[in-house]
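S.K.: My structure is below; once you've seen it, I'll send some questions.
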Amino acid sequence: MVFDPQWSERLTASGGPTQPLHAASVRNGILGDITRAITTDVTLRGRYASVFTWGQQLVTTHPEFADTSMQTKKQALYTLEKVLALTTLRYQQHDDVEAGTSGLVGKNRLNASDLLESDPIDLSAFTLRDGATAVRLSNTNRYYLYLRSRDTELGLTGVGEALAAVLDSQIEPYRDQIVETLVTESVTQADLDQFADTLSLQSLYADAEAHADELDILMNAVLGYVSWDSDRETVTVDTVPDSIDVDVFPYLRYETSDRRFENEYRDTVASEIHRLQRAWTIFILQTIETYQTTADSQYRLDGTARDVFAEFRLIARGYWLQEFAAVVLRLQLWLFCEYLERALPQAVPYDRVFTDLSTETVEASTQAAFDIELAPGSSSADQARVARELALYGQTPVTTPTVQLPSSPEGTIADLGTLRDEVTTQLASGWDETTAAARTSTLVRALQSIVDPLDSVSPQDSVIETWQRTLGYSLTLLMMILKRYRDLTTSHPVVDAYLRQEHGDDRVSLPQLDTYFSGFDDQLPITDVGQRVISDLVIDVHERVVRDRLRNSSPNRFSFSYDAEQDALRYVSGTSPLGREYLRYGLMQQLLLDIGLVTTVDDDAQLTARGSDLLARARQGGTDE
């Protein structure tokens, strides 16, 4: 092990490091493939995609902007964003539309009641946010929706041009007024009322029939129904076929092959990476339908759904296995930092770190992970959790069960071989037949229940006891994760190749973790396994992450430091447990609302006629069992 007093990471708003182990980064890499058009920089609203795309065409083709500089064109686009914000707020004043202002950049900064009483409104007198605008922040989203070209700064693809043309036909009666507004940076109340039908976020889905052509192109872009036009060297929009294909292996095969085109857009279209986002979109629709139509105590995927989404569920399992591994390792780092913090102002001698881990407690808690029981719950499971459990196991209770930890485990697990054997026995039946208590997601909840009692004033003895207990549970969970991973990748070599090639470089990735643990002998004492996890996968990995970040200019702060002379560790800033990620379910729901597929963005969401039609087209490819 190599120590160096250079522990630091980029900070969150609260002051802690954001990615101290890169564990979430690996998870987020898979997440980025599945939710390609969704980013966390800005909420992808449908009208952000269409209005900004139309705006780019306007400032590059309208005579008023013909001889203007690039800076003037960009300023006009930012002014258009301000108009969009005001018309959205205006629309919401008149009609309280579901999620009307959700994700609107600047809504918490603007004093809407005062601003919307001015006439005219000076658009140059206020800003929506400090730093990048929504126009700029959405550039990546629009690129991944095949709307924006990267060849020129304001260029559009064939898909973008088609969308801009549809919007322009709607705006045509008052296009000149909008151009004057962008040039003068002034807008009247009467103009806002007129613009609101097209230049507001919520009117897109609040009046879906009037904007059907716009919705069609946005939906096709989200689902990836596009083609490469070799003559024009651009991406063009297709129509949604009668039978929707949600298989994802074609993308995996392409990505792990040698087939590549020099043109980045052509290569992206050829790879069919959009299949992942399409499958997740349709799976969300399936989840919503199941959620709203189930009458008994279990949500279940029927035979058709299991058949149709078979390939997607394999990738979803790979994603959530990586997340669960990230949760375990980040939790161990957090508890390690809490342990060091309780020793302040003293440092902790390195050799004492592991002597404070009781062998008896770790062995008992490793066994206790197999003795978890679940009691019927009273709280309804939310849609995001149901989507995860349906993807992983094909069924889940309507109410979230209560996790009950054993007060005294039946025996102990003393060595790694015994743990591996018990995991193999528990998971012998496959994913869909796994008992609820043996699910990896249940163990994650068990870990959370163990650490919940800790707070900032908990004494060191409580922290140590909690750390000991969680270490045993964590080792069991890690072995379950890796058993699932090996079974998944052995049965599906294309998934194995994808995870290794695209998301297997970091030491905390599933491929690397599998290699790491495969080098451990079955006779290795379970407490020694825990010590090595902390030493190699928490301390060493964090140091490597920090070394990588020393080359950039992001703010840095020590998480904990090592004193070489004293061979001791000292708390500095710590970290935090890793939050759950449900494949950006909420952001996806918002996008599906905007493009007319669902009715709302919460657990009451139902499918619209358009959403039901899409799901029916996808289910045509399945065979009921």
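Every chain in the structure tokens takes a letter, A first, then B, and so on in the order presented; its residues are numbered from 1, and the ligands are numbered from 1 following the presented order.
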I'd like the contact shell of stretch 62-69 of chain A - 12 Å cut-off, only C-alpha atoms, skipping same-chain residues fewer than 3 positions apart - returned as a list in words.
M.R.: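 Non-adjacent residues within range: Trp54, Gly55, Gln56, Gln57, Leu58, Val59, Thr72, Lys73, Lys74, Gln75, Ala76, Leu77, Asp168, Arg175, Asp176, Ile178, Val179, Glu180, Thr181, Leu182, Val183 and Thr184 of chain A.
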S.K.: If you count only C-alpha atoms, which residues fall within 10 Å of A:Ala369, apart from same-chain ones fewer than 2 positions away, as a PyMOL selection string?
M.R.: chain A and resi 364-367+371-373+405-406+409+437-438+442-443+446-447+469-470+472-477
S.K.: If DSSP is run on the backbone, what residues of stretch 233-446 of chain A are helix (DSSP H, G or I)? A reply as a ChimeraX atom specification would be ideal.
M.R.: /A:249-255,264-271,274-293,303-308,310-342,350-355,359-368,383-393,416-426,436-438,440-446
S.K.: How many Å lie between atom CA of A:Thr198 and atom CA of A:Asp603, rounded to one decimal?
M.R.: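 Atom CA of A:Asp603 lies at a distance of 28.3 Å from atom CA of A:Thr198.
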S.K.: So, counting only C-alpha atoms, which residue among A:Val403, A:Glu581, A:Arg619, A:Glu363 is closest to A:Thr527?
M.R.: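 Ranking A:Val403, A:Glu581, A:Arg619, A:Glu363 by distance to A:Thr527, first place goes to A:Glu363.
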S.K.: How far is it from atom CA of A:Leu578 to atom CA of A:Ala24, in Å with one decimal?
M.R.: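 Spanning atom CA of A:Leu578 to atom CA of A:Ala24 is a straight-line distance of 7.8 Å.
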S.K.: My list of candidates is A:Leu583, A:Leu614, A:Leu499, A:Leu340. Which is closest to A:Arg486 when distances are computed with only C-alpha atoms?
M.R.: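 The closest residue to A:Arg486 is A:Leu499.
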S.K.: If we count only C-alpha atoms and set the cut-off at 6 Å, which residues sit around A:Ser200, ignoring sequence neighbours fewer than 5 positions away in its own chain? Please answer as a compact mmCIF listing (two decimals) with N, CA, C and O atoms, in the first residue's frame.
M.R.:
```
# COMPACT_ATOMS: atom_id res chain seq x y z
N LEU A 84 -39.00 32.76 -23.26
CA LEU A 84 -39.56 31.44 -22.95
C LEU A 84 -39.86 31.32 -21.45
O LEU A 84 -40.90 30.78 -21.05
N THR A 87 -42.98 33.63 -20.69
CA THR A 87 -44.24 33.09 -21.21
C THR A 87 -44.66 31.85 -20.44
O THR A 87 -45.86 31.61 -20.23
N THR A 88 -43.69 31.08 -19.98
CA THR A 88 -44.00 29.91 -19.16
C THR A 88 -44.62 30.33 -17.83
O THR A 88 -45.62 29.76 -17.38
```
S.K.: I want to know what sits within 6 Å of stretch 143-150 of chain A, based on only C-alpha atoms, with residues of the same chain fewer than 6 positions away left out; could you give that as a tab-separated table (two decimals) with C-alpha atoms, in the first residue's frame?
M.R.:
```tsv
chain	number	residue	atom	x	y	z
A	37	ALA	CA	-30.35	12.63	-23.76
A	156	LEU	CA	-28.58	21.89	-37.16
A	157	THR	CA	-29.01	18.34	-38.37
A	159	VAL	CA	-33.77	16.28	-37.62
A	160	GLY	CA	-33.21	19.72	-36.13
A	221	ALA	CA	-35.77	11.82	-31.58
```
S.K.: Taking the backbone alone, and naming residues the way the document does, which bits of stretch 15-156 of chain A are strand (DSSP E or B) by DSSP, as JSON, numbers by chain?
M.R.: {"A": [17, 121, 122, 148, 156]}
S.K.: Convert the current residue selection to file output with all heavy atoms, as a PDB file, in the first residue's frame.
M.R.:
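Contents of the output file again.pdb:
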```pdb
ATOM      1  N   PRO A  17     -16.202  15.796  -0.680  1.00  0.00           N
ATOM      2  CA  PRO A  17     -15.785  15.354  -2.012  1.00  0.00           C
ATOM      3  C   PRO A  17     -16.946  14.687  -2.751  1.00  0.00           C
ATOM      4  O   PRO A  17     -17.780  14.021  -2.158  1.00  0.00           O
ATOM      5  CB  PRO A  17     -14.664  14.346  -1.720  1.00  0.00           C
ATOM      6  CG  PRO A  17     -14.945  13.871  -0.346  1.00  0.00           C
ATOM      7  CD  PRO A  17     -15.586  15.006   0.389  1.00  0.00           C
ATOM      8  N   ILE A 121     -41.567  45.002 -20.712  1.00  0.00           N
ATOM      9  CA  ILE A 121     -40.554  44.420 -19.839  1.00  0.00           C
ATOM     10  C   ILE A 121     -39.187  44.576 -20.491  1.00  0.00           C
ATOM     11  O   ILE A 121     -38.997  44.195 -21.659  1.00  0.00           O
ATOM     12  CB  ILE A 121     -40.836  42.928 -19.574  1.00  0.00           C
ATOM     13  CG1 ILE A 121     -42.198  42.759 -18.890  1.00  0.00           C
ATOM     14  CG2 ILE A 121     -39.730  42.317 -18.718  1.00  0.00           C
ATOM     15  CD1 ILE A 121     -42.620  41.313 -18.756  1.00  0.00           C
ATOM     16  N   ASP A 122     -38.248  45.129 -19.772  1.00  0.00           N
ATOM     17  CA  ASP A 122     -36.884  45.275 -20.257  1.00  0.00           C
ATOM     18  C   ASP A 122     -36.147  43.955 -20.037  1.00  0.00           C
ATOM     19  O   ASP A 122     -35.794  43.608 -18.902  1.00  0.00           O
ATOM     20  CB  ASP A 122     -36.184  46.413 -19.517  1.00  0.00           C
ATOM     21  CG  ASP A 122     -34.754  46.643 -20.013  1.00  0.00           C
ATOM     22  OD1 ASP A 122     -34.318  45.924 -20.933  1.00  0.00           O
ATOM     23  OD2 ASP A 122     -34.080  47.541 -19.456  1.00  0.00           O
ATOM     24  N   ARG A 148     -28.794  18.912 -33.046  1.00  0.00           N
ATOM     25  CA  ARG A 148     -27.767  19.934 -33.181  1.00  0.00           C
ATOM     26  C   ARG A 148     -26.498  19.351 -33.769  1.00  0.00           C
ATOM     27  O   ARG A 148     -26.041  18.275 -33.375  1.00  0.00           O
ATOM     28  CB  ARG A 148     -27.480  20.530 -31.797  1.00  0.00           C
ATOM     29  CG  ARG A 148     -26.436  21.606 -31.758  1.00  0.00           C
ATOM     30  CD  ARG A 148     -26.311  22.178 -30.346  1.00  0.00           C
ATOM     31  NE  ARG A 148     -25.150  23.051 -30.251  1.00  0.00           N
ATOM     32  CZ  ARG A 148     -23.934  22.648 -29.916  1.00  0.00           C
ATOM     33  NH1 ARG A 148     -23.732  21.377 -29.626  1.00  0.00           N
ATOM     34  NH2 ARG A 148     -22.935  23.498 -29.860  1.00  0.00           N
ATOM     35  N   LEU A 156     -27.566  22.880 -37.487  1.00  0.00           N
ATOM     36  CA  LEU A 156     -28.580  21.891 -37.156  1.00  0.00           C
ATOM     37  C   LEU A 156     -28.445  20.678 -38.056  1.00  0.00           C
ATOM     38  O   LEU A 156     -27.933  20.759 -39.177  1.00  0.00           O
ATOM     39  CB  LEU A 156     -29.990  22.488 -37.332  1.00  0.00           C
ATOM     40  CG  LEU A 156     -30.361  23.693 -36.482  1.00  0.00           C
ATOM     41  CD1 LEU A 156     -31.765  24.166 -36.840  1.00  0.00           C
ATOM     42  CD2 LEU A 156     -30.255  23.386 -35.002  1.00  0.00           C
TER      43      LEU A 156
END
```
S.K.: Could you work out how far atom CA of A:Val508 lies from atom CA of A:Leu416, giving the answer in Å with one decimal?
M.R.: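 Atom CA of A:Leu416 sits 19.6 Å away from atom CA of A:Val508.
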S.K.: Can you pull out the residues contacting A:Val51? Cut-off 8 Å, using only C-alpha atoms, and skip same-chain residues under 3 positions away; I want them as a PyMOL selection string.
M.R.: chain A and resi 47-48+54-55+164+167+199
S.K.: Write the selection just made, keeping N, CA, C and O atoms, as an mmCIF file, in the first residue's frame?
M.R.:
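Output contents, as saved in again16.cif:
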```cif
data_model
loop_
_atom_site.group_PDB
_atom_site.id
_atom_site.type_symbol
_atom_site.label_atom_id
_atom_site.label_comp_id
_atom_site.auth_asym_id
_atom_site.auth_seq_id
_atom_site.Cartn_x
_atom_site.Cartn_y
_atom_site.Cartn_z
ATOM 1 N N ARG A 47 -39.778 21.775 -24.735
ATOM 2 C CA ARG A 47 -39.677 23.067 -25.404
ATOM 3 C C ARG A 47 -38.265 23.646 -25.363
ATOM 4 O O ARG A 47 -37.897 24.461 -26.219
ATOM 5 N N TYR A 48 -37.443 23.254 -24.389
ATOM 6 C CA TYR A 48 -36.042 23.639 -24.463
ATOM 7 C C TYR A 48 -35.420 23.059 -25.731
ATOM 8 O O TYR A 48 -34.619 23.712 -26.402
ATOM 9 N N TRP A 54 -35.241 25.905 -32.927
ATOM 10 C CA TRP A 54 -35.822 26.902 -33.833
ATOM 11 C C TRP A 54 -35.053 28.215 -33.744
ATOM 12 O O TRP A 54 -34.796 28.878 -34.760
ATOM 13 N N GLY A 55 -34.644 28.600 -32.532
ATOM 14 C CA GLY A 55 -33.901 29.836 -32.362
ATOM 15 C C GLY A 55 -32.584 29.820 -33.110
ATOM 16 O O GLY A 55 -32.177 30.835 -33.711
ATOM 17 N N ALA A 164 -37.377 22.541 -36.398
ATOM 18 C CA ALA A 164 -37.443 24.007 -36.495
ATOM 19 C C ALA A 164 -38.504 24.438 -37.495
ATOM 20 O O ALA A 164 -39.207 25.439 -37.267
ATOM 21 N N LEU A 167 -41.941 24.162 -35.874
ATOM 22 C CA LEU A 167 -42.158 25.242 -34.913
ATOM 23 C C LEU A 167 -42.341 26.581 -35.635
ATOM 24 O O LEU A 167 -43.168 27.405 -35.237
ATOM 25 N N LEU A 199 -44.246 29.508 -27.264
ATOM 26 C CA LEU A 199 -43.018 29.765 -26.528
ATOM 27 C C LEU A 199 -43.245 29.624 -25.031
ATOM 28 O O LEU A 199 -42.926 30.512 -24.237
#
```
